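The file query_11.cif contains mmCIF, C-alpha atoms:
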```cif
data_final
loop_
_atom_site.label_atom_id
_atom_site.label_comp_id
_atom_site.auth_asym_id
_atom_site.auth_seq_id
_atom_site.Cartn_x
_atom_site.Cartn_y
_atom_site.Cartn_z
CA MET S 1 -46.59 2.21 0.80
CA GLU S 2 -45.88 0.23 3.94
CA LEU S 3 -43.12 -2.35 3.52
CA PRO S 4 -43.63 -5.91 4.76
CA PRO S 5 -42.16 -6.82 8.16
CA THR S 6 -38.95 -8.85 8.40
CA ARG S 7 -38.71 -12.29 9.98
CA ARG S 8 -38.04 -10.66 13.36
CA GLY S 9 -40.87 -8.16 13.07
CA SER S 10 -38.82 -4.99 12.54
CA PRO S 11 -39.55 -2.74 9.55
CA GLU S 12 -37.48 -3.54 6.46
CA ARG S 13 -35.84 -0.51 4.89
CA ARG S 14 -35.44 -1.87 1.37
CA SER S 15 -37.75 -3.69 -1.02
CA ARG S 16 -36.88 -7.24 -1.99
CA ALA S 17 -37.51 -8.85 -5.35
CA PRO S 18 -38.05 -12.60 -5.83
CA HIS S 19 -35.11 -14.98 -5.61
CA GLY S 20 -33.15 -15.65 -8.78
CA ALA S 21 -32.42 -19.08 -10.18
CA ASP S 22 -29.15 -19.22 -8.24
CA GLY S 23 -30.83 -18.44 -4.92
CA SER S 24 -29.58 -14.86 -4.79
CA THR S 25 -31.83 -11.93 -3.96
CA THR S 26 -32.15 -8.63 -5.80
CA PHE S 27 -32.51 -5.56 -3.59
CA VAL S 28 -33.79 -2.19 -4.70
CA GLY S 29 -32.44 0.98 -3.10
CA LEU S 30 -29.89 1.01 -0.32
CA VAL S 31 -28.02 -2.22 0.35
CA ARG S 32 -26.35 -3.71 3.39
CA ILE S 33 -22.57 -3.71 2.88
CA PHE S 34 -19.98 -5.74 4.78
CA SER S 35 -16.24 -6.08 4.48
CA GLY S 36 -13.39 -7.14 6.75
CA ILE S 37 -9.79 -5.95 6.84
CA GLN S 38 -6.72 -7.52 8.42
CA PRO S 39 -5.30 -5.72 11.50
CA THR S 40 -1.96 -4.57 10.19
CA GLY S 41 -0.96 -0.93 10.40
CA ARG S 42 1.30 -1.31 7.38
CA LYS S 43 -1.47 -0.66 4.90
CA HIS S 44 -0.18 -0.11 1.40
CA LEU S 45 -1.41 1.65 -1.72
CA GLY S 46 -3.16 -1.49 -2.97
CA ASN S 47 -5.15 -1.78 0.28
CA TYR S 48 -6.09 1.89 0.08
CA ILE S 49 -7.22 1.81 -3.55
CA GLY S 50 -8.78 -1.65 -3.59
CA ALA S 51 -10.53 -1.61 -0.20
CA ILE S 52 -10.35 1.48 2.01
CA ARG S 53 -11.59 3.94 -0.61
CA GLN S 54 -14.50 1.59 -1.31
CA TYR S 55 -15.31 1.53 2.41
CA VAL S 56 -15.53 5.31 2.57
CA GLU S 57 -17.69 5.47 -0.56
CA GLY S 58 -19.95 2.73 0.82
CA GLN S 59 -20.98 4.83 3.83
CA ASP S 60 -23.39 6.77 1.62
CA ARG S 61 -24.91 3.65 0.04
CA GLY S 62 -24.90 1.19 2.91
CA ASP S 63 -27.96 0.42 5.00
CA PRO S 64 -25.78 0.14 6.97
CA ALA S 65 -22.17 -0.17 5.83
CA ILE S 66 -20.43 -2.59 8.23
CA TYR S 67 -16.65 -2.81 8.48
CA CYS S 68 -14.84 -5.34 10.66
CA ILE S 69 -11.19 -5.51 11.68
CA VAL S 70 -10.64 -9.25 11.55
CA ASP S 71 -8.24 -10.03 14.40
CA LEU S 72 -9.43 -13.67 14.57
CA HIS S 73 -8.25 -14.19 11.00
CA ALA S 74 -4.86 -12.79 11.93
CA ILE S 75 -4.13 -15.60 14.39
CA THR S 76 -4.18 -18.33 11.72
CA VAL S 77 -0.45 -17.70 11.13
CA ALA S 78 2.40 -17.04 13.57
CA TYR S 79 2.07 -13.64 15.26
CA ASP S 80 3.04 -11.62 18.33
CA PRO S 81 0.05 -11.00 20.68
CA SER S 82 1.15 -7.55 21.86
CA GLU S 83 1.90 -6.48 18.31
CA LEU S 84 -1.52 -7.70 17.16
CA ARG S 85 -3.25 -5.27 19.52
CA GLU S 86 -1.05 -2.36 18.45
CA ARG S 87 -1.56 -3.06 14.77
CA LEU S 88 -5.31 -3.26 15.34
CA TYR S 89 -5.27 0.29 16.73
CA ASP S 90 -3.09 1.35 13.80
CA THR S 91 -5.64 -0.06 11.36
CA THR S 92 -8.56 1.56 13.17
CA ALA S 93 -6.81 4.92 13.06
CA ILE S 94 -5.99 4.58 9.35
CA LEU S 95 -9.61 3.73 8.50
CA ILE S 96 -10.91 6.76 10.42
CA ALA S 97 -8.19 8.98 8.97
CA ALA S 98 -9.18 7.85 5.48
CA GLY S 99 -12.75 9.02 6.05
CA LEU S 100 -14.71 6.33 7.88
CA ASP S 101 -17.18 8.01 10.21
CA PRO S 102 -18.36 5.82 13.14
CA ASP S 103 -21.66 7.74 13.07
CA ARG S 104 -22.25 6.80 9.40
CA CYS S 105 -21.03 3.19 9.45
CA VAL S 106 -20.49 0.29 11.85
CA LEU S 107 -16.80 -0.20 12.63
CA PHE S 108 -15.83 -2.93 15.08
CA ARG S 109 -13.33 -5.60 16.14
CA GLN S 110 -14.25 -9.11 15.01
CA SER S 111 -13.42 -10.85 18.30
CA ASP S 112 -15.80 -8.57 20.21
CA VAL S 113 -18.80 -10.18 18.48
CA HIS S 114 -18.86 -13.85 19.47
CA GLU S 115 -21.66 -14.64 17.02
CA HIS S 116 -19.01 -14.84 14.28
CA THR S 117 -17.31 -17.89 15.79
CA GLU S 118 -20.51 -19.76 16.63
CA LEU S 119 -21.92 -19.17 13.18
CA CYS S 120 -18.62 -20.35 11.70
CA TRP S 121 -19.03 -23.72 13.44
CA LEU S 122 -22.66 -24.05 12.37
CA LEU S 123 -21.79 -23.24 8.75
CA SER S 124 -19.02 -25.84 8.78
CA SER S 125 -21.80 -28.44 8.54
CA VAL S 126 -22.61 -27.24 5.01
CA THR S 127 -19.02 -26.63 3.85
CA ALA S 128 -17.19 -29.40 2.01
CA ILE S 129 -13.62 -30.12 3.12
CA GLY S 130 -12.64 -30.54 -0.52
CA GLU S 131 -13.65 -26.95 -1.24
CA LEU S 132 -11.41 -25.68 1.55
CA ASN S 133 -8.46 -27.79 0.39
CA ARG S 134 -8.72 -26.26 -3.08
CA MET S 135 -8.54 -22.63 -1.91
CA HIS S 136 -5.48 -20.99 -3.45
CA GLN S 137 -4.78 -18.92 -0.34
CA PHE S 138 -4.66 -22.04 1.83
CA ARG S 139 -2.32 -23.83 -0.54
CA ASP S 140 -0.02 -20.82 -0.92
CA LYS S 141 0.17 -19.98 2.78
CA SER S 142 0.51 -23.58 3.94
CA VAL S 143 3.49 -24.04 1.63
CA ALA S 144 5.04 -20.86 3.02
CA GLN S 145 4.63 -21.94 6.65
CA ARG S 146 7.91 -23.09 8.14
CA GLU S 147 6.44 -24.77 11.20
CA LEU S 148 2.81 -25.49 12.08
CA VAL S 149 0.15 -25.30 9.37
CA SER S 150 -2.87 -24.54 11.54
CA SER S 151 -6.36 -25.86 10.95
CA GLY S 152 -7.44 -22.23 11.30
CA LEU S 153 -5.70 -21.54 8.00
CA LEU S 154 -7.86 -24.20 6.37
CA PHE S 155 -11.04 -22.93 8.08
CA TYR S 156 -10.31 -19.29 7.26
CA PRO S 157 -12.94 -19.12 4.45
CA VAL S 158 -15.68 -20.56 6.71
CA LEU S 159 -15.10 -17.85 9.30
CA GLN S 160 -15.00 -15.32 6.49
CA ALA S 161 -18.37 -16.61 5.30
CA ALA S 162 -19.76 -16.29 8.83
CA ASP S 163 -18.43 -12.72 9.02
CA VAL S 164 -20.55 -11.69 6.04
CA LEU S 165 -23.58 -13.97 6.36
CA ALA S 166 -24.10 -12.99 10.01
CA TYR S 167 -25.23 -9.56 8.79
CA ARG S 168 -27.26 -10.71 5.79
CA ALA S 169 -25.05 -8.43 3.73
CA HIS S 170 -25.96 -7.94 0.10
CA GLU S 171 -22.66 -6.50 -1.10
CA VAL S 172 -19.05 -7.26 -0.21
CA PRO S 173 -16.37 -4.86 -1.48
CA VAL S 174 -13.25 -6.98 -2.06
CA GLY S 175 -10.10 -7.11 -4.12
CA GLU S 176 -9.69 -9.48 -7.04
CA ASP S 177 -7.73 -11.91 -4.83
CA GLN S 178 -10.80 -12.55 -2.66
CA ARG S 179 -13.12 -13.57 -5.50
CA GLU S 180 -12.56 -17.29 -4.80
CA HIS S 181 -13.53 -16.90 -1.12
CA LEU S 182 -16.61 -14.92 -2.11
CA GLU S 183 -17.77 -17.72 -4.39
CA LEU S 184 -17.35 -20.25 -1.58
CA MET S 185 -19.35 -17.97 0.71
CA ARG S 186 -22.17 -17.81 -1.85
CA ASP S 187 -22.15 -21.61 -2.19
CA VAL S 188 -22.35 -22.01 1.59
CA ALA S 189 -25.33 -19.64 1.81
CA ARG S 190 -27.16 -21.41 -1.03
CA ARG S 191 -26.47 -24.84 0.46
CA PHE S 192 -27.67 -23.76 3.89
CA ASN S 193 -30.87 -22.25 2.47
CA ALA S 194 -31.56 -25.34 0.38
CA ARG S 195 -31.22 -27.58 3.43
CA TYR S 196 -32.83 -25.46 6.16
CA GLY S 197 -34.94 -22.74 4.58
CA ARG S 198 -34.60 -20.55 1.54
CA ASP S 199 -34.98 -17.15 3.21
CA ILE S 200 -32.58 -17.57 6.14
CA LEU S 201 -29.28 -16.38 4.64
CA VAL S 202 -28.70 -13.74 1.98
CA VAL S 203 -26.47 -14.76 -0.93
CA PRO S 204 -24.06 -11.80 -1.20
CA GLU S 205 -22.62 -10.19 -4.31
CA HIS S 206 -19.02 -9.03 -4.64
CA ARG S 207 -18.07 -5.49 -5.57
CA ILE S 208 -14.66 -5.32 -7.24
CA PRO S 209 -13.47 -1.93 -8.54
CA GLU S 210 -13.10 -1.77 -12.32
CA VAL S 211 -9.77 0.04 -11.95
CA GLY S 212 -7.33 -0.62 -9.14
CA ALA S 213 -8.66 -3.99 -8.01
CA ARG S 214 -5.13 -5.37 -8.18
CA ILE S 215 -2.31 -2.86 -7.65
CA MET S 216 1.03 -4.44 -8.48
CA ASP S 217 4.47 -4.25 -6.86
CA LEU S 218 6.41 -1.34 -8.36
CA GLN S 219 9.59 -3.44 -8.60
CA GLU S 220 7.91 -6.66 -9.73
CA PRO S 221 4.80 -5.53 -11.66
CA THR S 222 3.66 -9.09 -12.34
CA ARG S 223 3.13 -9.63 -8.57
CA LYS S 224 0.52 -8.03 -6.36
CA MET S 225 1.70 -5.27 -4.02
CA SER S 226 2.06 -6.73 -0.53
CA THR S 227 3.76 -6.02 2.78
CA THR S 228 4.47 -9.73 3.30
CA GLY S 229 5.33 -11.19 -0.10
CA GLY S 230 6.39 -8.08 -2.03
CA THR S 231 9.52 -5.94 -2.25
CA GLU S 232 10.12 -3.08 0.17
CA GLU S 233 10.99 -0.62 -2.60
CA GLY S 234 8.00 -1.71 -4.65
CA THR S 235 5.45 -1.25 -1.86
CA VAL S 236 4.08 2.24 -1.18
CA LEU S 237 2.72 2.45 2.36
CA VAL S 238 -0.21 4.70 3.22
CA LEU S 239 1.87 6.27 6.00
CA ASP S 240 5.05 6.75 3.94
CA GLU S 241 6.48 10.27 3.90
CA PRO S 242 6.09 12.20 0.60
CA ASP S 243 9.81 11.92 -0.22
CA THR S 244 9.69 8.15 0.28
CA ILE S 245 6.62 7.80 -1.94
CA GLU S 246 8.22 9.89 -4.67
CA LYS S 247 11.43 7.87 -4.51
CA LYS S 248 9.64 4.51 -4.73
CA ILE S 249 7.48 5.57 -7.67
CA LYS S 250 10.32 7.16 -9.63
CA ARG S 251 12.28 3.91 -9.26
CA ALA S 252 9.36 1.80 -10.49
CA VAL S 253 10.18 -0.84 -13.07
CA THR S 254 8.62 -0.08 -16.47
CA ASP S 255 8.71 -1.90 -19.80
CA SER S 256 10.48 -1.90 -23.14
CA GLY S 257 9.47 0.73 -25.65
CA THR S 258 8.31 4.27 -24.97
CA GLU S 259 4.54 4.16 -25.46
CA ILE S 260 2.46 5.05 -22.42
CA ARG S 261 -0.47 2.69 -22.82
CA ARG S 262 -2.12 -0.20 -21.03
CA ALA S 263 -1.27 -3.60 -22.49
CA ALA S 264 -0.69 -7.17 -21.36
CA ASP S 265 2.97 -6.94 -22.38
CA LYS S 266 3.44 -3.68 -20.46
CA PRO S 267 2.58 -4.59 -16.84
CA GLY S 268 4.72 -1.86 -15.27
CA VAL S 269 3.25 0.96 -17.33
CA THR S 270 -0.27 -0.46 -17.01
CA ASN S 271 0.07 -0.47 -13.22
CA LEU S 272 1.24 3.15 -13.14
CA ILE S 273 -1.62 4.24 -15.41
CA ASP S 274 -4.17 2.51 -13.18
CA VAL S 275 -2.74 4.14 -10.05
CA LEU S 276 -2.76 7.57 -11.67
CA ALA S 277 -6.33 7.10 -12.92
CA VAL S 278 -7.57 6.29 -9.41
CA ALA S 279 -5.58 9.09 -7.77
CA ARG S 280 -6.94 11.63 -10.24
CA GLY S 281 -10.45 10.20 -10.30
CA VAL S 282 -10.44 9.69 -14.07
CA THR S 283 -10.44 6.72 -16.44
CA PRO S 284 -7.26 4.97 -17.64
CA ASP S 285 -8.18 6.10 -21.16
CA ALA S 286 -8.10 9.72 -19.98
CA VAL S 287 -4.64 9.15 -18.48
CA GLU S 288 -3.38 7.64 -21.74
CA ALA S 289 -4.73 10.60 -23.69
CA ASP S 290 -3.16 13.08 -21.29
CA MET S 291 0.20 11.32 -21.52
CA GLN S 292 0.39 11.44 -25.32
CA SER S 293 2.54 14.55 -25.06
CA ALA S 294 4.81 13.07 -22.35
CA ARG S 295 8.53 12.91 -23.05
CA GLY S 296 8.77 9.36 -21.69
CA TYR S 297 8.20 7.18 -18.68
CA GLY S 298 9.83 9.79 -16.44
CA ASP S 299 6.89 12.15 -16.99
CA LEU S 300 4.44 9.36 -16.17
CA LYS S 301 6.27 8.50 -12.95
CA GLY S 302 6.42 12.16 -11.95
CA ALA S 303 2.68 12.57 -12.48
CA VAL S 304 1.94 9.37 -10.51
CA ALA S 305 4.18 10.43 -7.62
CA GLU S 306 2.55 13.86 -7.39
CA ALA S 307 -0.98 12.43 -7.50
CA VAL S 308 -0.31 9.67 -4.93
CA VAL S 309 1.39 12.07 -2.51
CA GLY S 310 -1.61 14.39 -2.79
CA MET S 311 -4.06 11.53 -2.26
CA LEU S 312 -2.34 10.06 0.81
CA ALA S 313 -1.15 13.25 2.56
CA PRO S 314 -4.49 14.00 4.31
CA VAL S 315 -4.72 10.41 5.57
CA ARG S 316 -1.20 10.47 7.00
CA GLU S 317 -1.75 13.85 8.67
CA ARG S 318 -5.06 12.90 10.26
CA TYR S 319 -3.67 9.54 11.38
CA ALA S 320 -0.95 11.35 13.34
CA GLU S 321 -3.64 13.39 15.11
CA ILE S 322 -5.81 10.46 16.26
CA ARG S 323 -3.56 7.40 16.68
CA ASP S 324 -2.34 8.25 20.19
CA ASP S 325 -5.87 8.56 21.60
CA GLN S 326 -6.23 4.84 22.28
CA GLY S 327 -9.18 5.40 24.60
CA ARG S 328 -11.14 7.02 21.80
CA LEU S 329 -10.28 4.20 19.41
CA GLU S 330 -11.46 1.61 21.95
CA ALA S 331 -14.70 3.54 22.50
CA ILE S 332 -15.36 3.59 18.74
CA LEU S 333 -14.74 -0.15 18.43
CA ALA S 334 -16.94 -0.92 21.45
CA GLN S 335 -19.79 1.20 20.10
CA GLY S 336 -19.51 -0.53 16.73
CA ALA S 337 -19.45 -3.99 18.34
CA GLU S 338 -22.69 -3.24 20.18
CA LYS S 339 -24.41 -2.31 16.92
CA ALA S 340 -22.92 -5.32 15.13
CA ARG S 341 -23.94 -7.74 17.87
CA ALA S 342 -27.56 -6.60 17.66
CA MET S 343 -27.66 -7.54 13.95
CA ALA S 344 -25.60 -10.73 14.11
CA SER S 345 -27.56 -12.14 17.05
CA GLU S 346 -30.80 -12.05 15.02
CA THR S 347 -29.23 -14.03 12.19
CA LEU S 348 -27.67 -16.52 14.59
CA ALA S 349 -31.00 -17.04 16.35
CA ASP S 350 -32.66 -17.82 13.00
CA VAL S 351 -29.85 -20.22 12.05
CA ARG S 352 -29.99 -22.04 15.40
CA GLU S 353 -33.78 -22.38 15.17
CA ALA S 354 -33.61 -23.71 11.62
CA MET S 355 -30.92 -26.23 12.54
CA GLY S 356 -32.67 -27.39 15.71
CA VAL S 357 -29.77 -26.24 17.90
CA GLY S 358 -30.52 -25.09 21.44
CA ALA S 359 -33.89 -24.51 23.08
CA PRO S 360 -36.79 -23.83 20.69
CA ARG S 361 -38.20 -20.34 20.41
CA ARG S 362 -41.27 -19.65 22.48
#
```
Here is the file; what I need is its structure written in the form of structure tokens.
Amino acid sequence: MELPPTRRGSPERRSRAPHGADGSTTFVGLVRIFSGIQPTGRKHLGNYIGAIRQYVEGQDRGDPAIYCIVDLHAITVAYDPSELRERLYDTTAILIAAGLDPDRCVLFRQSDVHEHTELCWLLSSVTAIGELNRMHQFRDKSVAQRELVSSGLLFYPVLQAADVLAYRAHEVPVGEDQREHLELMRDVARRFNARYGRDILVVPEHRIPEVGARIMDLQEPTRKMSTTGGTEEGTVLVLDEPDTIEKKIKRAVTDSGTEIRRAADKPGVTNLIDVLAVARGVTPDAVEADMQSARGYGDLKGAVAEAVVGMLAPVRERYAEIRDDQGRLEAILAQGAEKARAMASETLADVREAMGVGAPRR
């Protein structure tokens, strides 16, 4: 059966069901996936489990899978320009080392596709300032700023919405901490469609992993693992050496008692079980069952350390092989930007036409 043409006249590669009551669209078959990642080379275990592994898996489901290194988001707080570029190459190399294939996905640098920033400004007209002021990330980061609190920090979610909506993405793999921004993005898309035309923007859905969506600091298991707000000993980096990983995990803070089970009052043990489940590719229940014969938390930590070292070793080894070839990394990013620009420019043209901005289409 021949599928109906899209707005721009190109063949659509997925069938589309009617809009739901909330303005969202149900797609059958392959979906268009988009996600962005900050350009820091110090990616940790939480980034790898919560985002990067999802990116690699999405290559086989995405039509296409689009992944953006968001350097424009990185400038909303104090930073060093030369370090930003180096960390961007680090991040690109880690993503490729983890399994992203530029021939199977679209991988690019955000600032190379200017449609993101123009669409951000256009979408600001349907974004309420009160919504931005209520964002937890804005409130937390603005309090932490010692000097200037930039307006870019406030506008961060609008640019994030433009990042996704520019590609009419249906699915956004994110961690639990980004759920609030995703909801704002959905509201912006619905509001724009209600004002200018129902079919212009796709209302995206989030994809949060059932296990590992929020990996916690090994020293402070009630706080999310982080390279900026966490502890050094409690943060396992993707590029850590095996001995370092083993040492950090074996020093992980656990809980009172001896039972190896997931529970609200056992955040340290729960975190270790979740990490082991992901590293082994099994369910947390399977880990709990396997650990029934363990002699204590030491056995659990040993099993986690062994599994995490095995999971990250291939990434670290491949990273070392490709990081120094900066020319190749630039070529990959440029090729991805060209593909991304072709998609984003169509959406931007539709948005401009609907809003009456610029010359009318002929």
Using only C-alpha atoms, which residue out of S:Thr40, S:Thr92, S:Gln110, S:Ser82 lies closest to Arg341 (chain S)? S:Gln110
Measuring atom to atom with all atoms listed in the file, identify which of S:His73, S:Arg318, S:Lys339, S:Arg87 is nearest to Thr117 (chain S). S:His73
Once the PyMOL selection byres ((chain S and resi 52) around 9) is applied to the coordinates I shared, what remains selected? I want it as number ranges by chain. S: 37, 47-51, 53-57, 95, 98-100
Just to be explicit: take each residue in the selection above, keep C-alpha atoms, and write the result as a PDB file, keeping the file's coordinate frame.
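Full text of out.pdb as output:
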```
ATOM      1  CA  ILE S  37      -9.790  -5.950   6.840  1.00  0.00           C
ATOM      2  CA  ASN S  47      -5.150  -1.780   0.280  1.00  0.00           C
ATOM      3  CA  TYR S  48      -6.090   1.890   0.080  1.00  0.00           C
ATOM      4  CA  ILE S  49      -7.220   1.810  -3.550  1.00  0.00           C
ATOM      5  CA  GLY S  50      -8.780  -1.650  -3.590  1.00  0.00           C
ATOM      6  CA  ALA S  51     -10.530  -1.610  -0.200  1.00  0.00           C
ATOM      7  CA  ARG S  53     -11.590   3.940  -0.610  1.00  0.00           C
ATOM      8  CA  GLN S  54     -14.500   1.590  -1.310  1.00  0.00           C
ATOM      9  CA  TYR S  55     -15.310   1.530   2.410  1.00  0.00           C
ATOM     10  CA  VAL S  56     -15.530   5.310   2.570  1.00  0.00           C
ATOM     11  CA  GLU S  57     -17.690   5.470  -0.560  1.00  0.00           C
ATOM     12  CA  LEU S  95      -9.610   3.730   8.500  1.00  0.00           C
ATOM     13  CA  ALA S  98      -9.180   7.850   5.480  1.00  0.00           C
ATOM     14  CA  GLY S  99     -12.750   9.020   6.050  1.00  0.00           C
ATOM     15  CA  LEU S 100     -14.710   6.330   7.880  1.00  0.00           C
TER      16      LEU S 100
END
```
Per residue of region 87-124 of chain S within 9 Å of region 166-169 of chain S, what are the shortest atom pair and its distance in Å to one decimal, counting all atoms listed in the file, with rows by chain and residue number, as a Markdown table?
```
| residue | atom | partner | partner_atom | distance |
| --- | --- | --- | --- | --- |
| S:Glu115 | CA | S:Ala166 | CA | 7.6 |
| S:His116 | CA | S:Ala166 | CA | 6.9 |
| S:Leu119 | CA | S:Ala166 | CA | 7.3 |
```
Quick one: residues within 12 Å of Leu201 (chain S), all atoms listed in the file, excluding same-chain residues fewer than 2 positions away - as an mmCIF file with C-alpha atoms, in the coordinates of the input?
```
data_model
loop_
_atom_site.group_PDB
_atom_site.id
_atom_site.type_symbol
_atom_site.label_atom_id
_atom_site.label_comp_id
_atom_site.auth_asym_id
_atom_site.auth_seq_id
_atom_site.Cartn_x
_atom_site.Cartn_y
_atom_site.Cartn_z
ATOM 1 C CA ARG S 7 -38.710 -12.290 9.980
ATOM 2 C CA HIS S 19 -35.110 -14.980 -5.610
ATOM 3 C CA GLY S 23 -30.830 -18.440 -4.920
ATOM 4 C CA SER S 24 -29.580 -14.860 -4.790
ATOM 5 C CA THR S 25 -31.830 -11.930 -3.960
ATOM 6 C CA LEU S 119 -21.920 -19.170 13.180
ATOM 7 C CA LEU S 123 -21.790 -23.240 8.750
ATOM 8 C CA ALA S 161 -18.370 -16.610 5.300
ATOM 9 C CA ALA S 162 -19.760 -16.290 8.830
ATOM 10 C CA VAL S 164 -20.550 -11.690 6.040
ATOM 11 C CA LEU S 165 -23.580 -13.970 6.360
ATOM 12 C CA ALA S 166 -24.100 -12.990 10.010
ATOM 13 C CA TYR S 167 -25.230 -9.560 8.790
ATOM 14 C CA ARG S 168 -27.260 -10.710 5.790
ATOM 15 C CA ALA S 169 -25.050 -8.430 3.730
ATOM 16 C CA HIS S 170 -25.960 -7.940 0.100
ATOM 17 C CA MET S 185 -19.350 -17.970 0.710
ATOM 18 C CA ARG S 186 -22.170 -17.810 -1.850
ATOM 19 C CA ASP S 187 -22.150 -21.610 -2.190
ATOM 20 C CA VAL S 188 -22.350 -22.010 1.590
ATOM 21 C CA ALA S 189 -25.330 -19.640 1.810
ATOM 22 C CA ARG S 190 -27.160 -21.410 -1.030
ATOM 23 C CA ARG S 191 -26.470 -24.840 0.460
ATOM 24 C CA PHE S 192 -27.670 -23.760 3.890
ATOM 25 C CA ASN S 193 -30.870 -22.250 2.470
ATOM 26 C CA ALA S 194 -31.560 -25.340 0.380
ATOM 27 C CA ARG S 195 -31.220 -27.580 3.430
ATOM 28 C CA TYR S 196 -32.830 -25.460 6.160
ATOM 29 C CA GLY S 197 -34.940 -22.740 4.580
ATOM 30 C CA ARG S 198 -34.600 -20.550 1.540
ATOM 31 C CA ASP S 199 -34.980 -17.150 3.210
ATOM 32 C CA VAL S 203 -26.470 -14.760 -0.930
ATOM 33 C CA PRO S 204 -24.060 -11.800 -1.200
ATOM 34 C CA ALA S 344 -25.600 -10.730 14.110
ATOM 35 C CA GLU S 346 -30.800 -12.050 15.020
ATOM 36 C CA THR S 347 -29.230 -14.030 12.190
ATOM 37 C CA LEU S 348 -27.670 -16.520 14.590
ATOM 38 C CA ALA S 349 -31.000 -17.040 16.350
ATOM 39 C CA ASP S 350 -32.660 -17.820 13.000
ATOM 40 C CA VAL S 351 -29.850 -20.220 12.050
ATOM 41 C CA ALA S 354 -33.610 -23.710 11.620
#
```
Residues matched by the PyMOL selection byres ((chain S and resi 333) around 12) as an MDAnalysis selection string: chainID S and resid 66:69 88:89 91:93 95:96 101:103 105:113 326:332 334:341
